[in-house]
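Dumped input29.cif below, it's mmCIF, C-alpha atoms:
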data_target
#
loop_
_atom_site.label_atom_id
_atom_site.label_comp_id
_atom_site.auth_asym_id
_atom_site.auth_seq_id
_atom_site.Cartn_x
_atom_site.Cartn_y
_atom_site.Cartn_z
CA MET A 1 170.29 72.21 195.04
CA ALA A 2 173.08 69.94 193.79
CA THR A 3 173.18 68.99 190.13
CA ASP A 4 172.08 65.39 189.51
CA TRP A 5 174.76 64.42 187.02
CA ILE A 6 173.59 60.79 186.99
CA ALA A 7 170.18 61.89 185.65
CA LEU A 8 171.85 64.34 183.26
CA GLN A 9 174.14 61.61 181.94
CA ALA A 10 171.15 59.37 181.20
CA LEU A 11 169.42 62.28 179.47
CA ALA A 12 172.51 63.14 177.42
CA ALA A 13 172.89 59.50 176.37
CA SER A 14 169.23 59.36 175.37
CA GLU A 15 169.52 62.57 173.36
CA PHE A 16 172.65 61.35 171.58
CA GLY A 17 170.96 58.01 170.88
CA ARG A 18 168.03 59.82 169.29
CA ARG A 19 170.43 61.56 166.91
CA VAL A 20 172.30 58.32 166.16
CA ALA A 21 168.96 56.80 165.12
CA ALA A 22 168.56 59.69 162.63
CA VAL A 23 171.83 58.98 160.80
CA THR A 24 171.28 58.09 157.16
CA ASP A 25 174.68 59.12 155.78
CA TRP A 26 177.57 57.90 157.89
CA ASP A 27 180.03 59.78 155.66
CA ALA A 28 178.34 63.17 156.10
CA PRO A 29 180.54 65.99 157.39
CA THR A 30 180.22 67.23 160.97
CA PRO A 31 180.99 70.62 162.53
CA ASP A 32 184.45 69.19 163.25
CA SER A 33 185.95 69.36 159.76
CA GLU A 34 188.23 66.40 160.49
CA TRP A 35 185.36 64.01 161.31
CA THR A 36 182.61 62.36 159.37
CA THR A 37 179.42 61.35 161.13
CA ARG A 38 180.88 57.85 161.47
CA ASP A 39 184.04 59.26 163.11
CA LEU A 40 181.98 61.33 165.54
CA VAL A 41 179.75 58.45 166.61
CA GLN A 42 182.75 56.11 166.79
CA HIS A 43 184.47 58.60 169.12
CA VAL A 44 181.51 58.83 171.49
CA VAL A 45 180.98 55.04 171.47
CA GLU A 46 184.70 54.63 172.20
CA GLU A 47 184.41 56.89 175.23
CA GLN A 48 181.38 54.97 176.52
CA ARG A 49 183.05 51.58 176.29
CA TRP A 50 185.82 52.70 178.68
CA ILE A 51 183.46 53.83 181.43
CA PRO A 52 182.40 50.50 183.00
CA LYS A 53 186.01 49.30 183.11
CA LEU A 54 187.41 52.50 184.57
CA LEU A 55 184.68 52.72 187.20
CA THR A 56 185.64 49.29 188.56
CA GLY A 57 189.02 50.66 189.61
CA CYS A 58 191.06 49.29 186.71
CA ASP A 59 193.97 51.45 185.77
CA HIS A 60 194.09 52.70 182.19
CA ASP A 61 196.31 49.87 180.91
CA GLN A 62 194.20 47.16 182.58
CA ALA A 63 191.01 48.65 181.16
CA GLU A 64 192.52 48.93 177.69
CA ALA A 65 193.61 45.29 177.70
CA ASP A 66 190.06 44.17 178.49
CA LEU A 67 188.02 46.44 176.19
CA GLU A 68 185.49 44.86 173.88
CA GLU A 69 185.91 45.71 170.20
CA ILE A 70 183.45 48.08 168.57
CA GLY A 71 181.50 46.39 165.79
CA PRO A 72 180.50 47.92 162.46
CA ASP A 73 176.85 48.65 163.39
CA LEU A 74 177.47 51.89 165.26
CA ALA A 75 173.81 52.40 166.17
CA ALA A 76 173.73 49.00 167.89
CA GLU A 77 177.14 49.60 169.45
CA TRP A 78 176.00 52.95 170.79
CA GLU A 79 173.00 51.33 172.43
CA LYS A 80 175.09 48.55 173.97
CA PHE A 81 177.95 50.65 175.31
CA ALA A 82 175.80 53.62 176.39
CA THR A 83 173.50 51.30 178.34
CA ALA A 84 176.47 49.69 180.08
CA ALA A 85 177.99 53.11 180.85
CA THR A 86 174.74 54.47 182.26
CA GLU A 87 174.40 51.45 184.54
CA ALA A 88 178.02 51.78 185.66
CA TRP A 89 177.47 55.44 186.57
CA ARG A 90 174.43 54.51 188.65
CA THR A 91 176.37 52.02 190.74
CA SER A 92 179.71 53.79 191.14
CA PRO A 93 180.46 55.94 194.20
CA ALA A 94 181.10 59.56 193.18
CA ASP A 95 184.38 59.61 195.08
CA ALA A 96 185.79 56.39 193.55
CA PRO A 97 189.17 57.06 191.91
CA VAL A 98 189.18 56.76 188.11
CA HIS A 99 192.53 56.08 186.46
CA LEU A 100 192.51 57.95 183.15
CA ALA A 101 195.38 57.89 180.68
CA THR A 102 196.94 61.05 182.13
CA ASP A 103 195.36 61.57 185.54
CA ILE A 104 193.41 60.07 188.42
CA VAL A 105 190.12 61.86 189.08
CA PRO A 106 187.07 61.17 191.25
CA ALA A 107 184.25 59.37 189.43
CA GLY A 108 182.01 62.41 189.92
CA GLU A 109 184.42 64.62 187.99
CA TYR A 110 184.73 62.02 185.22
CA LEU A 111 180.93 61.81 185.07
CA THR A 112 180.64 65.57 184.63
CA GLU A 113 183.28 65.57 181.89
CA GLN A 114 181.69 62.66 180.04
CA THR A 115 178.18 64.11 180.26
CA SER A 116 179.46 67.43 178.95
CA ASP A 117 181.23 65.69 176.07
CA ILE A 118 178.10 63.78 175.04
CA THR A 119 176.02 66.96 175.26
CA ILE A 120 178.31 68.91 172.95
CA HIS A 121 178.61 65.99 170.53
CA THR A 122 174.83 65.59 170.48
CA TRP A 123 174.62 69.01 168.89
CA ASP A 124 177.44 68.09 166.47
CA LEU A 125 175.53 64.99 165.42
CA ALA A 126 172.25 66.88 165.11
CA ARG A 127 173.92 69.44 162.85
CA ALA A 128 175.54 66.69 160.77
CA THR A 129 172.29 64.77 160.31
CA GLY A 130 169.97 67.74 159.94
CA SER A 131 168.01 66.59 162.99
CA ASP A 132 166.73 68.57 165.97
CA GLU A 133 169.57 70.78 167.28
CA ASP A 134 167.75 71.88 170.43
CA LEU A 135 169.36 70.42 173.53
CA PRO A 136 167.40 70.02 176.78
CA ASP A 137 167.62 73.20 178.86
CA GLU A 138 168.77 71.33 181.98
CA LEU A 139 171.72 69.81 180.08
CA VAL A 140 172.71 73.12 178.55
CA ARG A 141 172.52 74.91 181.90
CA ALA A 142 174.50 72.25 183.80
CA VAL A 143 177.24 72.02 181.17
CA TRP A 144 177.42 75.81 180.96
CA GLU A 145 177.84 76.05 184.73
CA TYR A 146 180.60 73.43 184.53
CA PHE A 147 182.38 75.14 181.59
CA GLU A 148 181.90 78.79 182.59
CA PRO A 149 184.78 78.94 185.12
CA LYS A 150 187.02 77.24 182.53
CA ILE A 151 186.14 79.32 179.47
CA GLU A 152 189.55 80.98 179.27
CA HIS A 153 191.28 77.59 179.22
CA LEU A 154 188.97 75.38 177.12
CA ALA A 155 190.73 75.98 173.80
CA ALA A 156 194.12 75.49 175.46
CA THR A 157 193.15 71.93 176.40
CA GLY A 158 193.22 70.96 172.74
CA LEU A 159 189.78 69.38 173.12
CA TYR A 160 187.99 72.38 171.63
CA ALA A 161 188.56 74.93 168.91
CA ALA A 162 188.97 78.60 169.72
CA PRO A 163 185.78 80.18 171.04
CA VAL A 164 183.36 81.78 168.59
CA GLU A 165 182.38 85.36 169.44
CA VAL A 166 178.68 85.67 170.25
CA GLY A 167 176.80 88.33 172.14
CA GLU A 168 176.02 88.05 175.85
CA ASP A 169 172.34 88.20 174.87
CA ALA A 170 172.63 85.06 172.70
CA PRO A 171 170.66 82.04 173.94
CA LEU A 172 172.57 79.94 176.48
CA GLN A 173 172.89 76.98 174.08
CA VAL A 174 174.50 79.25 171.47
CA ARG A 175 176.90 80.65 174.09
CA LEU A 176 177.76 77.16 175.37
CA LEU A 177 178.54 75.87 171.91
CA ALA A 178 180.50 79.04 171.12
CA VAL A 179 182.93 78.45 174.00
CA THR A 180 183.70 75.06 172.43
CA GLY A 181 184.40 76.60 169.01
CA ARG A 182 180.99 75.85 167.49
CA ASP A 183 178.87 78.45 165.75
CA ALA A 184 175.30 77.39 166.38
CA ARG A 185 174.03 80.53 164.64
CA VAL A 186 175.09 79.20 161.25
CA THR A 187 172.81 76.65 159.62
CA ALA A 188 174.12 73.75 157.61
#

Using structure tokens, write down the structure from this file.
Amino acid sequence: MATDWIALQALAASEFGRRVAAVTDWDAPTPDSEWTTRDLVQHVVEEQRWIPKLLTGCDHDQAEADLEEIGPDLAAEWEKFATAATEAWRTSPADAPVHLATDIVPAGEYLTEQTSDITIHTWDLARATGSDEDLPDELVRAVWEYFEPKIEHLAATGLYAAPVEVGEDAPLQVRLLAVTGRDARVTA
């Protein structure tokens, strides 16, 4: 059975939104030592605001020239841009070319990457806010299956820290986060 990345994207966005609603300290540290909670949410909102433009076939420069500014209320901005992104995913053909800054990829590949990014950052935000760190099993499994063939190269992309060593018997969520340089075994 094929993975329904459209449904998973909506679930990931909902899960991230739940954690955004739990933010009380926007300056709190996150698992990424260079980011505050505000920086983390800003990053994910930023990614979402690109999606509707890029899925219309705009090249990167065209999309950038037409992007709406992100306002100071990040919870409201998350809701606005995530809703628009989710709708854009639902109406975009999976094979539509998406012109990213450095590459052109099919929309389906971009969807998988974006859903994976939101999933990982949902845990980051949960850890930063002291909220529920458990991610839905179907998200964890799908992102794991996407990342598993790339484990050797994830850190080399510069998007993730070096993997954290965990046992093969660790829960799948712990193993998934470990390959992205996050130690889910340690509590805040």

Using CA of Gln114 (chain A) and CA of Trp89 (chain A) as the two end points, give the distance in Å to one decimal.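 Computing it gives 10.6 Å between the two atoms.
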
For the structure provided, state which residues fall under the PyMOL selection byres ((chain A and resi 182) around 12), and present them as a ChimeraX atom specification. /A:30-33,120-121,123-124,127,155,160-166,173-181,183-187

Record the distance separating CA of Phe81 (chain A) and CA of Phe16 (chain A), expressed in Å with one decimal.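 Taking CA of Phe81 (chain A) as the start and CA of Phe16 (chain A) as the end point, the length is 12.5 Å.
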
Residue among A:Asp61, A:Glu34, A:Asp117, A:Glu152 lying closest to Leu139 (chain A), counting all atoms listed in the file: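 Result for the nearest residue to Leu139 (chain A): A:Asp117.
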
Where does the PyMOL selection byres ((chain A and resi 145) around 12) land in this file, that is, which residues does it pick, as a PyMOL selection string? chain A and resi 2-3+112+116+138-144+146-151+172-173+175-176

What does the PyMOL selection byres ((chain A and resi 77) around 12) select in this file, as a PyMOL selection string? chain A and resi 17+20-21+41-49+68-76+78-85

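Pairwise distance (CA of Gly108 (chain A), CA of Ala94 (chain A)) equals 4.4 Å.
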
Taking only C-alpha atoms into account, which of A:Ala107, A:Leu125, A:Ala96, A:Ala7 comes nearest Asp27 (chain A)?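 Smallest distance to Asp27 (chain A) is found for A:Leu125.
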
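Distance check against Glu133 (chain A) using all atoms listed in the file: of A:Thr36, A:Arg19, A:Thr157, A:Cys58, the minimum falls on A:Arg19.
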
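The smallest atom-to-atom distance between Ser92 (chain A) and any of A:Thr122, A:Ser14, A:Leu67, A:Ile51, using only C-alpha atoms, is found for A:Ile51.
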
Taking into account only C-alpha atoms, which residue in the set A:Asp4, A:Trp35, A:Gln9, A:Gln62 is nearest to Glu87 (chain A)?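 Answer, going by the shortest atom-to-atom distance: A:Gln9.
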
For His99 (chain A), work out the shell of residues within 8 Å, counting all atoms listed in the file and skipping chain neighbours fewer than 4 positions away, then give it as a ChimeraX atom specification. /A:54,57-60,103-105

Taking all atoms of region 142-149 of chain A that appear in the file, build a box with edges along x, y and z, extend it by 3 Å on every side, and state its centre and edge lengths in Å to one decimal, as JSON.
{"center_x": 179.6, "center_y": 75.5, "center_z": 183.0, "size_x": 16.3, "size_y": 12.9, "size_z": 10.2}

Shell of 9 Å around Ala22 (chain A), all atoms listed in the file, local chain residues under 5 positions omitted, as a short mmCIF file (atom, residue, chain, number, x, y, z; two decimals) with C-alpha atoms, keeping the file's coordinate frame:
data_model
loop_
_atom_site.label_atom_id
_atom_site.label_comp_id
_atom_site.auth_asym_id
_atom_site.auth_seq_id
_atom_site.Cartn_x
_atom_site.Cartn_y
_atom_site.Cartn_z
CA GLY A 17 170.96 58.01 170.88
CA ALA A 126 172.25 66.88 165.11
CA THR A 129 172.29 64.77 160.31
CA GLY A 130 169.97 67.74 159.94
CA SER A 131 168.01 66.59 162.99
#

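Candidate residues A:Asp134, A:Thr56, A:Pro106, A:Asp95 were compared for distance to Thr119 (chain A), and the nearest is A:Asp134, using all atoms listed in the file.
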